[in-house]
Each structure stands twice: as C-alpha cells, then as structure tokens.
$ cat upload16.cif   # mmCIF, C-alpha atoms and all ligand atoms
data_final
#
loop_
_atom_site.label_atom_id
_atom_site.label_comp_id
_atom_site.auth_asym_id
_atom_site.auth_seq_id
_atom_site.Cartn_x
_atom_site.Cartn_y
_atom_site.Cartn_z
CA MET A 33 143.53 99.71 209.31
CA SER A 34 142.52 96.16 210.15
CA LEU A 35 141.52 93.79 207.41
CA GLU A 36 137.92 93.77 208.69
CA GLN A 37 137.70 97.49 208.00
CA VAL A 38 138.84 97.14 204.41
CA LEU A 39 135.69 95.23 203.49
CA ASN A 40 133.46 97.70 201.72
CA ASP A 41 129.68 97.51 201.47
CA GLU A 42 129.85 95.60 198.21
CA GLU A 43 132.02 92.90 199.74
CA ARG A 44 129.85 92.59 202.81
CA LEU A 45 126.80 92.44 200.53
CA ALA A 46 128.43 89.70 198.49
CA GLN A 47 129.03 87.77 201.73
CA LEU A 48 132.76 87.66 201.12
CA ASP A 49 134.91 87.39 204.21
CA VAL A 50 138.44 88.62 204.72
CA ASP A 51 140.02 85.18 204.33
CA GLN A 52 138.27 84.64 201.00
CA LEU A 53 139.38 88.06 199.79
CA ARG A 54 142.93 87.53 200.98
CA GLN A 55 143.06 84.37 198.89
CA LEU A 56 141.14 85.76 195.92
CA VAL A 57 142.96 89.02 195.37
CA GLY A 58 146.04 88.86 197.60
CA LEU A 59 144.88 91.27 200.31
CA VAL A 60 147.53 92.43 202.81
CA GLU A 61 147.52 94.22 206.19
CA TYR A 62 148.50 97.87 206.14
CA ASP A 63 148.38 100.95 208.32
CA ALA A 64 146.25 103.66 206.68
CA SER A 65 147.06 106.34 209.25
CA GLY A 66 149.90 107.79 207.20
CA ASP A 67 148.18 107.30 203.84
CA PRO A 68 147.62 110.66 202.10
CA PHE A 69 144.99 109.15 199.75
CA PRO A 70 143.29 106.21 201.49
CA VAL A 71 141.49 103.89 199.05
CA THR A 72 139.22 101.17 200.40
CA GLY A 73 138.70 99.28 197.16
CA TRP A 74 136.95 99.30 193.79
CA ASP A 75 133.65 101.11 193.50
CA ALA A 76 132.81 100.29 189.87
CA LEU A 77 134.24 99.94 186.41
CA VAL A 78 132.31 102.25 184.12
CA TRP A 79 132.33 101.12 180.48
CA VAL A 80 131.34 103.33 177.58
CA VAL A 81 130.01 101.11 174.82
CA GLY A 82 128.19 101.38 171.51
CA ASN A 83 125.14 99.51 172.75
CA ALA A 84 124.71 99.38 176.54
CA THR A 85 121.48 97.44 176.29
CA GLN A 86 123.13 94.55 174.48
CA THR A 87 126.37 94.75 176.50
CA ALA A 88 124.27 94.34 179.65
CA HIS A 89 122.84 91.17 178.13
CA PHE A 90 126.35 89.94 177.23
CA LEU A 91 127.59 90.52 180.78
CA GLN A 92 124.68 88.49 182.14
CA SER A 93 125.00 85.58 179.73
CA ALA A 94 128.75 85.40 179.17
CA LEU A 95 130.08 86.61 182.53
CA GLY A 96 127.19 85.51 184.73
CA MET A 97 126.64 89.01 186.10
CA GLU A 98 123.37 90.13 187.65
CA LEU A 99 121.48 93.23 186.55
CA VAL A 100 120.74 95.44 189.57
CA ALA A 101 120.09 99.02 188.47
CA TYR A 102 119.27 101.22 185.48
CA SER A 103 119.29 104.86 184.38
CA GLY A 104 117.86 106.14 181.09
CA PRO A 105 115.12 108.21 179.51
CA GLU A 106 112.47 106.50 181.68
CA THR A 107 114.27 107.73 184.80
CA GLY A 108 114.73 111.28 183.48
CA ASN A 109 118.17 110.78 181.89
CA ARG A 110 117.73 111.99 178.29
CA ASP A 111 121.43 111.70 177.38
CA SER A 112 122.34 108.06 177.92
CA VAL A 113 121.38 104.60 179.05
CA SER A 114 123.27 102.89 181.89
CA HIS A 115 122.89 99.38 183.24
CA VAL A 116 124.54 98.34 186.52
CA LEU A 117 125.61 94.71 186.91
CA ARG A 118 127.11 92.82 189.83
CA SER A 119 129.10 89.67 190.43
CA GLY A 120 130.21 89.17 194.02
CA ALA A 121 132.05 92.32 195.04
CA ALA A 122 132.48 93.53 191.44
CA ARG A 123 130.26 96.20 189.98
CA PHE A 124 130.22 97.17 186.29
CA VAL A 125 128.28 100.08 184.83
CA VAL A 126 127.75 99.98 181.05
CA THR A 127 126.79 103.27 179.48
CA GLY A 128 125.86 104.19 175.93
CA ALA A 129 124.66 107.38 174.25
CA CYS A 130 120.91 107.69 173.78
CA ASP A 131 120.90 111.27 172.48
CA PRO A 132 122.92 111.37 169.21
CA ALA A 133 124.46 114.64 170.44
CA SER A 134 125.72 113.01 173.67
CA PRO A 135 129.46 113.43 174.36
CA LEU A 136 129.42 109.67 175.02
CA ALA A 137 128.85 109.11 171.29
CA ASP A 138 132.04 111.05 170.56
CA HIS A 139 133.91 109.12 173.25
CA HIS A 140 132.77 105.85 171.70
CA ARG A 141 133.63 106.93 168.15
CA GLU A 142 137.15 107.72 169.31
CA HIS A 143 137.91 104.80 171.62
CA GLY A 144 135.39 102.07 170.86
CA ASP A 145 133.98 99.93 173.68
CA GLY A 146 136.12 100.24 176.80
CA VAL A 147 136.57 101.27 180.40
CA ALA A 148 136.22 105.03 180.76
CA ASP A 149 136.19 105.27 184.53
CA ILE A 150 137.88 103.16 187.21
CA ALA A 151 135.79 104.35 190.14
CA LEU A 152 137.35 103.83 193.56
CA SER A 153 135.82 103.61 196.99
CA VAL A 154 137.36 106.16 199.35
CA PRO A 155 136.36 107.05 202.92
CA ASP A 156 137.17 110.79 202.51
CA VAL A 157 136.60 112.26 199.05
CA ASP A 158 137.61 115.81 200.04
CA ARG A 159 140.90 114.75 201.60
CA CYS A 160 141.82 112.72 198.51
CA VAL A 161 141.03 115.57 196.13
CA ALA A 162 142.94 118.10 198.24
CA HIS A 163 145.99 115.85 198.18
CA ALA A 164 145.64 115.09 194.47
CA ARG A 165 145.39 118.79 193.64
CA ALA A 166 148.43 119.63 195.78
CA MET A 167 150.36 116.95 193.86
CA GLY A 168 149.39 118.46 190.51
CA ALA A 169 146.59 116.07 189.43
CA THR A 170 143.81 117.27 187.14
CA VAL A 171 140.55 117.50 189.08
CA LEU A 172 137.74 116.79 186.61
CA GLU A 173 134.89 117.06 189.10
CA GLU A 174 135.08 118.88 192.41
CA PRO A 175 133.74 117.07 195.49
CA HIS A 176 129.93 117.24 195.51
CA ASP A 177 126.92 115.47 196.99
CA LEU A 178 124.20 113.61 195.12
CA THR A 179 121.10 113.04 197.21
CA ASP A 180 117.81 111.19 196.82
CA GLU A 181 115.39 109.39 199.13
CA HIS A 182 118.04 106.68 199.78
CA GLY A 183 120.61 109.09 201.18
CA THR A 184 123.67 110.97 199.96
CA VAL A 185 126.74 109.95 197.95
CA ARG A 186 129.83 112.16 197.89
CA LEU A 187 131.76 112.10 194.61
CA ALA A 188 134.67 113.72 192.81
CA ALA A 189 136.77 112.74 189.79
CA ILE A 190 140.42 113.03 188.82
CA ALA A 191 142.05 112.35 185.46
CA THR A 192 144.45 109.48 184.80
CA TYR A 193 146.01 108.13 181.56
CA GLY A 194 144.32 109.00 178.25
CA ASP A 195 140.65 109.85 178.63
CA THR A 196 140.37 107.50 181.63
CA ARG A 197 139.22 108.90 184.95
CA HIS A 198 139.02 107.88 188.58
CA THR A 199 135.73 108.81 190.14
CA LEU A 200 136.16 108.81 193.93
CA VAL A 201 133.07 107.57 195.72
CA ASP A 202 131.96 107.64 199.34
CA ARG A 203 128.65 105.80 199.50
CA SER A 204 128.75 105.19 203.26
CA ARG A 205 125.60 107.32 203.73
CA TYR A 206 123.67 105.78 200.82
CA THR A 207 121.43 102.72 200.61
CA GLY A 208 120.01 103.00 197.06
CA PRO A 209 120.53 100.54 194.20
CA HIS A 210 123.47 102.47 192.67
CA LEU A 211 123.54 106.27 192.65
CA PRO A 212 120.85 108.95 192.69
CA GLY A 213 119.27 108.91 189.22
CA TYR A 214 119.26 105.11 189.05
CA VAL A 215 116.40 102.76 189.83
CA ALA A 216 116.60 99.11 190.88
CA ARG A 217 116.17 96.77 187.94
CA THR A 218 116.32 93.01 187.55
CA SER A 219 116.19 90.86 184.46
CA SER A 220 114.40 87.71 183.34
CA HIS A 221 117.73 86.21 182.21
CA GLN A 222 118.23 82.69 183.58
CA PRO A 223 121.65 81.00 183.77
CA ARG A 224 122.09 77.60 182.14
CA PRO A 225 121.32 74.71 184.48
CA GLY A 226 124.45 73.58 186.31
CA ARG A 227 126.35 76.81 185.81
CA PRO A 228 128.28 77.98 188.91
CA GLN A 229 126.30 80.54 190.93
CA ARG A 230 128.93 83.19 190.19
CA LEU A 231 131.63 83.12 187.53
CA PHE A 232 133.82 85.58 189.43
CA GLN A 233 133.82 87.10 192.89
CA ALA A 234 135.87 90.29 192.62
CA ILE A 235 138.06 92.50 190.43
CA ASP A 236 141.72 91.58 190.93
CA HIS A 237 143.56 94.16 188.81
CA VAL A 238 143.03 96.59 185.94
CA VAL A 239 145.84 97.09 183.44
CA GLY A 240 146.57 100.34 181.62
CA ASN A 241 148.44 100.65 178.33
CA VAL A 242 150.30 103.94 177.93
CA GLU A 243 152.56 105.40 175.23
CA LEU A 244 156.23 104.64 174.78
CA GLY A 245 158.15 106.47 177.50
CA ALA A 246 155.06 107.29 179.60
CA MET A 247 155.03 104.31 181.98
CA ASP A 248 157.34 105.82 184.60
CA ARG A 249 155.39 109.08 184.54
CA TRP A 250 152.18 107.20 185.41
CA VAL A 251 153.91 105.07 188.05
CA ASP A 252 155.06 108.36 189.56
CA PHE A 253 151.48 109.72 189.31
CA TYR A 254 150.11 106.78 191.31
CA ASN A 255 152.97 107.04 193.83
CA ARG A 256 152.73 110.79 194.42
CA VAL A 257 149.06 111.59 193.81
CA MET A 258 147.39 108.46 195.17
CA GLY A 259 149.99 107.10 197.62
CA PHE A 260 150.21 103.76 195.77
CA THR A 261 153.36 101.68 196.15
CA ASN A 262 155.26 99.67 193.55
CA MET A 263 154.57 95.94 193.72
CA ALA A 264 156.67 94.31 191.08
CA GLU A 265 158.62 95.27 188.04
CA PHE A 266 158.86 93.46 184.75
CA VAL A 267 161.27 94.85 182.20
CA GLY A 268 163.23 93.87 179.16
CA GLU A 269 163.79 90.20 178.59
CA ASP A 270 161.15 89.04 181.04
CA ILE A 271 158.43 89.81 178.59
CA ALA A 272 160.12 90.07 175.24
CA THR A 273 159.32 87.54 172.55
CA ASP A 274 161.11 87.35 169.24
CA TYR A 275 158.76 89.91 167.81
CA SER A 276 157.09 92.16 170.31
CA ALA A 277 158.06 93.48 173.66
CA LEU A 278 156.70 95.61 176.43
CA MET A 279 157.66 97.04 179.75
CA SER A 280 155.37 96.73 182.75
CA LYS A 281 155.31 98.01 186.32
CA VAL A 282 152.65 97.43 188.95
CA VAL A 283 151.33 99.89 191.54
CA ALA A 284 148.90 99.02 194.33
CA ASN A 285 147.00 100.75 197.11
CA GLY A 286 147.94 100.05 200.73
CA ASN A 287 145.91 96.85 201.21
CA HIS A 288 146.60 95.62 197.63
CA ARG A 289 142.88 95.52 196.98
CA VAL A 290 143.45 97.82 193.97
CA LYS A 291 146.32 96.88 191.65
CA PHE A 292 147.23 98.70 188.46
CA PRO A 293 149.84 97.15 186.16
CA LEU A 294 150.97 99.78 183.63
CA ASN A 295 152.40 98.74 180.27
CA GLU A 296 154.31 100.64 177.64
CA PRO A 297 155.52 99.30 174.30
CA ALA A 298 159.16 98.35 173.91
CA VAL A 299 161.00 98.11 170.64
CA GLY A 300 160.80 94.65 169.05
CA LYS A 301 161.27 93.17 165.61
CA LYS A 302 157.59 93.75 164.89
CA ARG A 303 154.92 96.08 166.18
CA SER A 304 154.20 95.50 169.86
CA GLN A 305 150.71 94.40 170.95
CA ILE A 306 150.70 97.64 173.00
CA ASP A 307 151.17 99.67 169.80
CA GLU A 308 148.24 97.87 168.23
CA PHE A 309 146.10 98.75 171.26
CA LEU A 310 147.19 102.41 171.20
CA ASP A 311 146.33 102.67 167.49
CA PHE A 312 142.86 101.17 167.76
CA HIS A 313 141.99 102.78 171.07
CA GLN A 314 143.44 106.08 169.85
CA GLY A 315 145.61 106.56 172.89
CA PRO A 316 146.18 105.14 176.37
CA GLY A 317 143.46 103.16 178.08
CA VAL A 318 142.48 100.03 179.95
CA GLN A 319 143.94 96.92 178.30
CA HIS A 320 142.50 94.20 180.48
CA VAL A 321 140.41 93.60 183.56
CA ALA A 322 141.41 90.62 185.71
CA LEU A 323 138.50 88.89 187.41
CA ALA A 324 139.19 86.83 190.54
CA THR A 325 137.57 83.41 190.64
CA SER A 326 137.85 80.61 193.17
CA ASP A 327 137.24 78.03 190.41
CA VAL A 328 138.83 79.00 187.13
CA ILE A 329 137.96 75.63 185.56
CA GLY A 330 134.23 76.02 186.23
CA THR A 331 134.35 79.65 185.08
CA VAL A 332 136.16 78.90 181.83
CA ASP A 333 133.79 76.03 181.05
CA ALA A 334 130.75 78.22 181.70
CA MET A 335 132.08 81.12 179.62
CA ARG A 336 133.10 78.84 176.77
CA ALA A 337 129.61 77.30 176.77
CA GLU A 338 128.34 80.84 176.16
CA GLY A 339 130.67 81.30 173.20
CA ILE A 340 133.50 83.30 174.81
CA GLU A 341 136.82 82.69 173.06
CA PHE A 342 140.07 82.43 174.97
CA LEU A 343 143.63 82.79 173.76
CA ALA A 344 145.02 79.42 172.79
CA THR A 345 148.08 78.17 174.62
CA PRO A 346 150.45 75.93 172.63
CA ASP A 347 150.67 72.30 173.76
CA SER A 348 154.41 72.85 174.00
CA TYR A 349 153.72 75.09 177.01
CA TYR A 350 152.42 72.08 178.98
CA SER A 351 154.96 69.55 177.80
CA ASP A 352 157.90 71.83 178.61
CA PRO A 353 159.83 69.97 181.37
CA GLU A 354 161.09 73.28 182.75
CA LEU A 355 157.54 74.49 183.29
CA ARG A 356 156.48 71.21 184.88
CA ALA A 357 159.39 71.38 187.30
CA ARG A 358 158.79 75.06 188.07
CA ILE A 359 155.08 74.84 188.82
CA GLY A 360 155.17 71.66 190.92
CA THR A 361 151.82 70.36 192.13
CA VAL A 362 148.67 72.46 191.65
CA ARG A 363 145.08 71.69 192.65
CA VAL A 364 144.11 70.11 189.32
CA PRO A 365 145.98 67.78 186.95
CA ILE A 366 147.95 69.67 184.29
CA GLU A 367 145.92 67.83 181.62
CA GLU A 368 142.78 69.60 182.88
CA LEU A 369 144.53 72.95 182.50
CA GLN A 370 145.90 72.03 179.09
CA ARG A 371 142.47 71.07 177.76
CA ARG A 372 141.30 74.60 178.54
CA GLY A 373 144.52 76.52 177.85
CA ILE A 374 144.85 77.70 181.47
CA LEU A 375 148.32 78.99 182.40
CA VAL A 376 150.13 78.36 185.69
CA ASP A 377 152.74 80.46 187.43
CA ARG A 378 154.50 79.95 190.75
CA ASP A 379 156.59 82.27 192.90
CA GLU A 380 157.94 82.23 196.45
CA ASP A 381 154.45 82.85 197.92
CA GLY A 382 152.44 80.25 196.03
CA TYR A 383 150.91 79.81 192.61
CA LEU A 384 148.20 81.20 190.36
CA LEU A 385 146.11 79.93 187.48
CA GLN A 386 145.19 82.39 184.74
CA ILE A 387 143.70 82.63 181.26
CA PHE A 388 142.90 85.51 178.89
CA THR A 389 139.94 86.07 176.59
CA LYS A 390 140.24 87.50 173.12
CA PRO A 391 139.25 91.19 172.85
CA ILE A 392 135.54 91.44 173.70
CA GLY A 393 134.58 94.26 171.33
CA ASP A 394 135.00 95.05 167.64
CA ARG A 395 138.43 96.64 168.08
CA PRO A 396 141.51 94.66 169.22
CA THR A 397 141.57 96.51 172.54
CA VAL A 398 140.10 95.53 175.90
CA PHE A 399 139.87 91.91 177.09
CA PHE A 400 139.36 89.94 180.31
CA GLU A 401 141.68 87.77 182.38
CA LEU A 402 140.46 85.13 184.82
CA ILE A 403 142.76 84.59 187.77
CA GLU A 404 142.66 82.00 190.58
CA ARG A 405 145.27 82.80 193.23
CA HIS A 406 146.74 80.29 195.65
CA GLY A 407 149.08 82.42 197.70
CA SER A 408 150.88 84.04 194.79
CA LEU A 409 150.68 87.83 194.74
CA GLY A 410 152.14 88.00 191.24
CA PHE A 411 150.68 88.59 187.81
CA GLY A 412 151.94 85.57 185.90
CA LYS A 413 155.39 86.88 185.03
CA GLY A 414 156.51 83.37 184.05
CA ASN A 415 153.65 83.20 181.56
CA PHE A 416 154.21 86.48 179.80
CA LYS A 417 156.30 85.01 177.03
CA ALA A 418 153.93 82.08 176.33
CA LEU A 419 151.01 84.47 176.45
CA PHE A 420 152.52 87.06 174.15
CA GLU A 421 153.40 84.48 171.57
CA ALA A 422 149.73 83.49 171.57
CA ILE A 423 148.65 87.16 171.25
CA GLU A 424 151.05 87.65 168.35
CA ARG A 425 149.51 84.75 166.46
CA GLU A 426 146.14 86.55 166.79
CA GLN A 427 147.68 89.89 165.80
CA GLU A 428 149.11 88.24 162.71
CA ARG A 429 145.69 86.88 161.76
CA ARG A 430 144.29 90.42 161.98
CA GLY A 431 147.07 91.68 159.71
CA ASN A 432 148.37 94.11 162.35
CA SER A 433 151.77 92.63 162.98
FE FE A 501 146.70 90.65 184.25
#
$ encode --input "upload16.cif" --output "structure tokens" --more "lines below"
Ligand SMILES: [Fe+2]
Amino acid sequence: MSLEQVLNDEERLAQLDVDQLRQLVGLVEYDASGDPFPVTGWDALVWVVGNATQTAHFLQSALGMELVAYSGPETGNRDSVSHVLRSGAARFVVTGACDPASPLADHHREHGDGVADIALSVPDVDRCVAHARAMGATVLEEPHDLTDEHGTVRLAAIATYGDTRHTLVDRSRYTGPHLPGYVARTSSHQPRPGRPQRLFQAIDHVVGNVELGAMDRWVDFYNRVMGFTNMAEFVGEDIATDYSALMSKVVANGNHRVKFPLNEPAVGKKRSQIDEFLDFHQGPGVQHVALATSDVIGTVDAMRAEGIEFLATPDSYYSDPELRARIGTVRVPIEELQRRGILVDRDEDGYLLQIFTKPIGDRPTVFFELIERHGSLGFGKGNFKALFEAIEREQERRGNS
C-alpha cells in the first residue's frame, strides 16, 4: 500500500498531505497485501459523557474543534444526543443519554466521562470481522449496512479492553455529514481573535490502561486479532519513580497511523497512577488521547487562554545538564518550553515535544496529550519519570496516593 492510499477521506478533507502526516504522526510505508486485518486509520473517538451538549461546547472552545453533525430527539433518536466535532483529520463524537432509561446512563454512572469506542477506518469490514472471529475476538455487532440519501456505510464492532469497543467503519460509499441518523450542524461559536486556525491536526495515539497482569494479553490480542505489530517496549526502571510504577508496551497498525500504548500497573512504594485510574474508571479504559500538532507552543497558549490546566513540570527538569545534553537543539529556545512546561525527548530518529493536560472530567481518569513530532517515532520514554513525578504530586493533592 503506498502512502497516498493510506490517506482516508477525513485526511483528504482536512487538506493534509502525506508529508505532513508523516511528520505529524510518524507514518511509515508498509505492504498491506499480507495484512489479515487492514486498518487505514482512525474513524472517530466516541466519548460517552454526562452532558454531551456542554462537552461539545468545551471541545469547541478549549480544543478549537468544529461542530459538524448532530443526532438527537429532533432527528428521531429518542435515546441519546450526539454531537460530532472535527479538527483536521480527527473526529470526535460526544454522546450522552437523553432517555433516563438509556444504557448510556448506566455506562456513564459506571465509568464517568470517557472514550467508549475507538472507531477505526477499514477498507473491508467483513474480512476484518471474519479474521477477528477466527482469532477468538468477541464480535459485538455483525457487519451491517446503514443507508440514507447520502449513501451506505458498512459497520461492525468488536470488543477490546474493559467496556471499550472498536467499531469498524467503511464509509467509502457515503457522503453524508457523519452516519445515517445524523444531520449536518454548525455552531455560532467564534474562536478568540488571533487563535491558530486549528489547535491540532490529527490523533497520534490512544493509550489504554489495563489491570495488573493483563498488558501482555492485550498486546497479544492486537497482534493476533488485528495484525498490529509491537513498536516499543518500556518496562521496569524506565518508568518507575520512587513511588509509582507501570509497565507499557506499544502496538501499531501497519502504517503506524494507529498506535495503542497499553499500560498496566507495576508494584511501587505507593499506589500506581494506573491503579487510581482503574478504581475511578471501574476497570480498564482509555487513559489518554494524544493529539498531533505542528505548533505545540501556539496550541498550549490557546488552550491555556481557555482555562485548560496542564501538568506542571519542575524547573529542575529544564536545568538538568543531562537533559540539556541529551535533547540538543530543538526548534524553540528551552526557556520557551520551560515557561509552558513542555517536555522534550530525543531518540535516534529525531525529537518530540509533548505536554499533558490534567484529567478533563470529574474523575481522575482520561486526559489529553499534545505532541509535536520532529522525526521521533517514540512516545517520550525519556520524559516518563519527570512526568510521573508531576502526576504523583497531583495524585497526592487528591488524597489518592
Ligand atoms: Fe502518550
């Protein structure tokens, strides 16, 4: 499969080209002919939240997303309200119960606000489901068509960790605003003057937290069921601080468009941040969503102006001579990064800039990462310790350490 072919409709629509994507999310060449479960890219992240109407507003103001579609009682959906938002190639759907008897209300009571569905774009839904079933995956929805005046979408869904699912979507024969049942919708929201046109261009990776001892099982799931390969491995001392520790492995689809780091808690002197997540989320789920930006400084400034809080990075991180020597020269002076708490990591391929928000909902669960890649295909391994120490200070303030 050539790189041109890996651009999906969303990316073409967002006027992203292959070189931009290669830089933004670390795209690589690969041959899909032997792939038992070809994945083109992300279709959407579907969030179940307590108040989809207000979350849609938050995503417009704080993340600069654009409202594009809607489903709810006015469109014949009595159960729930869903808003669809876009930024570049990224699509989020935020859904909340409208009918008090909706199963979504139960989902939200159990897990709080979070990602319920990591929907993936696949060219052949039936082939993927057949392979997944043969490999022992749980098929939640058999392949089926949804049709309206804009065409036909073919969909199916398989289960992954916790109550999270992967809906598999082929929208190659569909031209509507989202899916049948949705109508196009825009909003009167206006960005602040001077704000960058987009705060992020694409989803880079989505991280799952799973229970102690379950990480290898889910790595194996992505290897066997979805043909993903292992990208990197972080274990033991790499990411242990004095108090908490975790283990992490990363799987990716063939072109690296879709990357799933998977974390499990490791035994530390205090409760791991992963344990805290598992308690408040009541089981495995999506820990963070990394958003690719070509200008992390502009994005952080715009988000902070809207009141988004980021994890603080200690000044000692920037004054550490070892770090300065390791990261070398990056595109902005280190003082500019320090003022904003942006982290830097470098590996043999290049470097990346990254920063993490605090949890975005009421529970200490899901949060966002902003990532600006310059050649590096990593995940900020060198920053894990500095980051976790910052997370632990927050955990302590919540009394959950
Ligand atoms: Fe990350």
$ residues_near_ligand --input "upload16.cif" --ligand "ligand FE 501 (chain A)" --cutoff "9 Å" --atoms "all atoms listed in the file" --output "list of chain:residue names"
A:Asp236, A:His237, A:Val238, A:Val239, A:Pro293, A:His320, A:Val321, A:Ala322, A:Leu323, A:Gln386, A:Phe388, A:Phe400, A:Glu401, A:Leu402, A:Ile403, A:Phe411, A:Gly412
$ closest_residue --input "upload16.cif" --among "A:Leu187, A:Leu375, A:Ala324, A:Ala76" --to "Asp158 of chain A" --atoms "only C-alpha atoms"
A:Leu187
$ residues_around --input "upload16.cif" --residues "Pro297 of chain A" --least-positions-apart "5" --cutoff "8 Å" --atoms "all atoms listed in the file" --output "PyMOL selection string"
chain A and resi 242-244+277-279+304-307
$ axis_aligned_box --input "upload16.cif" --around "segment 305-312 of chain A" --padding-each-side "6 Å" --output "JSON"
{"center_x": 147.0, "center_y": 98.5, "center_z": 170.2, "size_x": 20.3, "size_y": 20.3, "size_z": 17.5}
$ atom_distance --input "upload16.cif" --atom1 "atom CA of Thr207 of chain A" --atom2 "atom CA of Val100 of chain A"
13.2 Å
$ closest_residue --input "upload16.cif" --among "A:Gly194, A:Gly245, A:Gly183, A:Gly58" --to "Val299 of chain A" --atoms "all atoms listed in the file"
A:Gly245
$ closest_residue --input "upload16.cif" --among "A:Ile235, A:Ala284, A:Val376, A:Val80" --to "Asp145 of chain A" --atoms "only C-alpha atoms"
A:Val80
$ atom_distance --input "upload16.cif" --atom1 "atom CA of Arg159 of chain A" --atom2 "atom CA of Pro68 of chain A"
7.9 Å
$ closest_residue --input "upload16.cif" --among "A:Ala162, A:Leu310, A:Ile190, A:Val81" --to "Ile392 of chain A" --atoms "all atoms listed in the file"
A:Val81
$ closest_residue --input "upload16.cif" --among "A:Asp156, A:Asp67, A:Asp49, A:Asp347" --to "Asn255 of chain A" --atoms "only C-alpha atoms"
A:Asp67
$ residues_near_point --input "upload16.cif" --point "(123.7, 97.3, 177.5)" --cutoff "8 Å" --atoms "all atoms listed in the file" --output "number ranges by chain"
A: 81, 83-90, 113-115, 126-128
$ decode --input "upload16.cif" --residues "segment 341-369 of chain A" --atoms "C-alpha atoms" --output "compact mmCIF listing (two decimals), in the first residue's frame"
# COMPACT_ATOMS: atom_id res chain seq x y z
CA GLU A 341 -4.77 23.18 33.00
CA PHE A 342 -1.61 21.27 32.17
CA LEU A 343 0.60 19.17 34.39
CA ALA A 344 3.39 21.28 35.84
CA THR A 345 6.95 20.29 35.06
CA PRO A 346 9.55 21.08 37.73
CA ASP A 347 12.13 23.74 36.83
CA SER A 348 14.76 21.15 37.71
CA TYR A 349 13.71 19.25 34.57
CA TYR A 350 14.98 22.12 32.39
CA SER A 351 18.10 22.94 34.36
CA ASP A 352 19.24 19.30 34.41
CA PRO A 353 22.53 19.31 32.42
CA GLU A 354 21.94 15.70 31.39
CA LEU A 355 18.64 16.62 29.77
CA ARG A 356 20.15 19.65 28.02
CA ALA A 357 22.93 17.49 26.60
CA ARG A 358 20.53 14.73 25.57
CA ILE A 359 18.00 16.87 23.74
CA GLY A 360 20.47 19.09 21.87
CA THR A 361 18.96 21.84 19.73
CA VAL A 362 15.20 21.98 19.18
CA ARG A 363 13.14 24.46 17.15
CA VAL A 364 12.44 26.80 20.08
CA PRO A 365 14.61 28.01 22.97
CA ILE A 366 14.33 25.78 26.05
CA GLU A 367 13.14 28.83 28.03
CA GLU A 368 10.02 28.96 25.83
CA LEU A 369 9.33 25.31 26.62
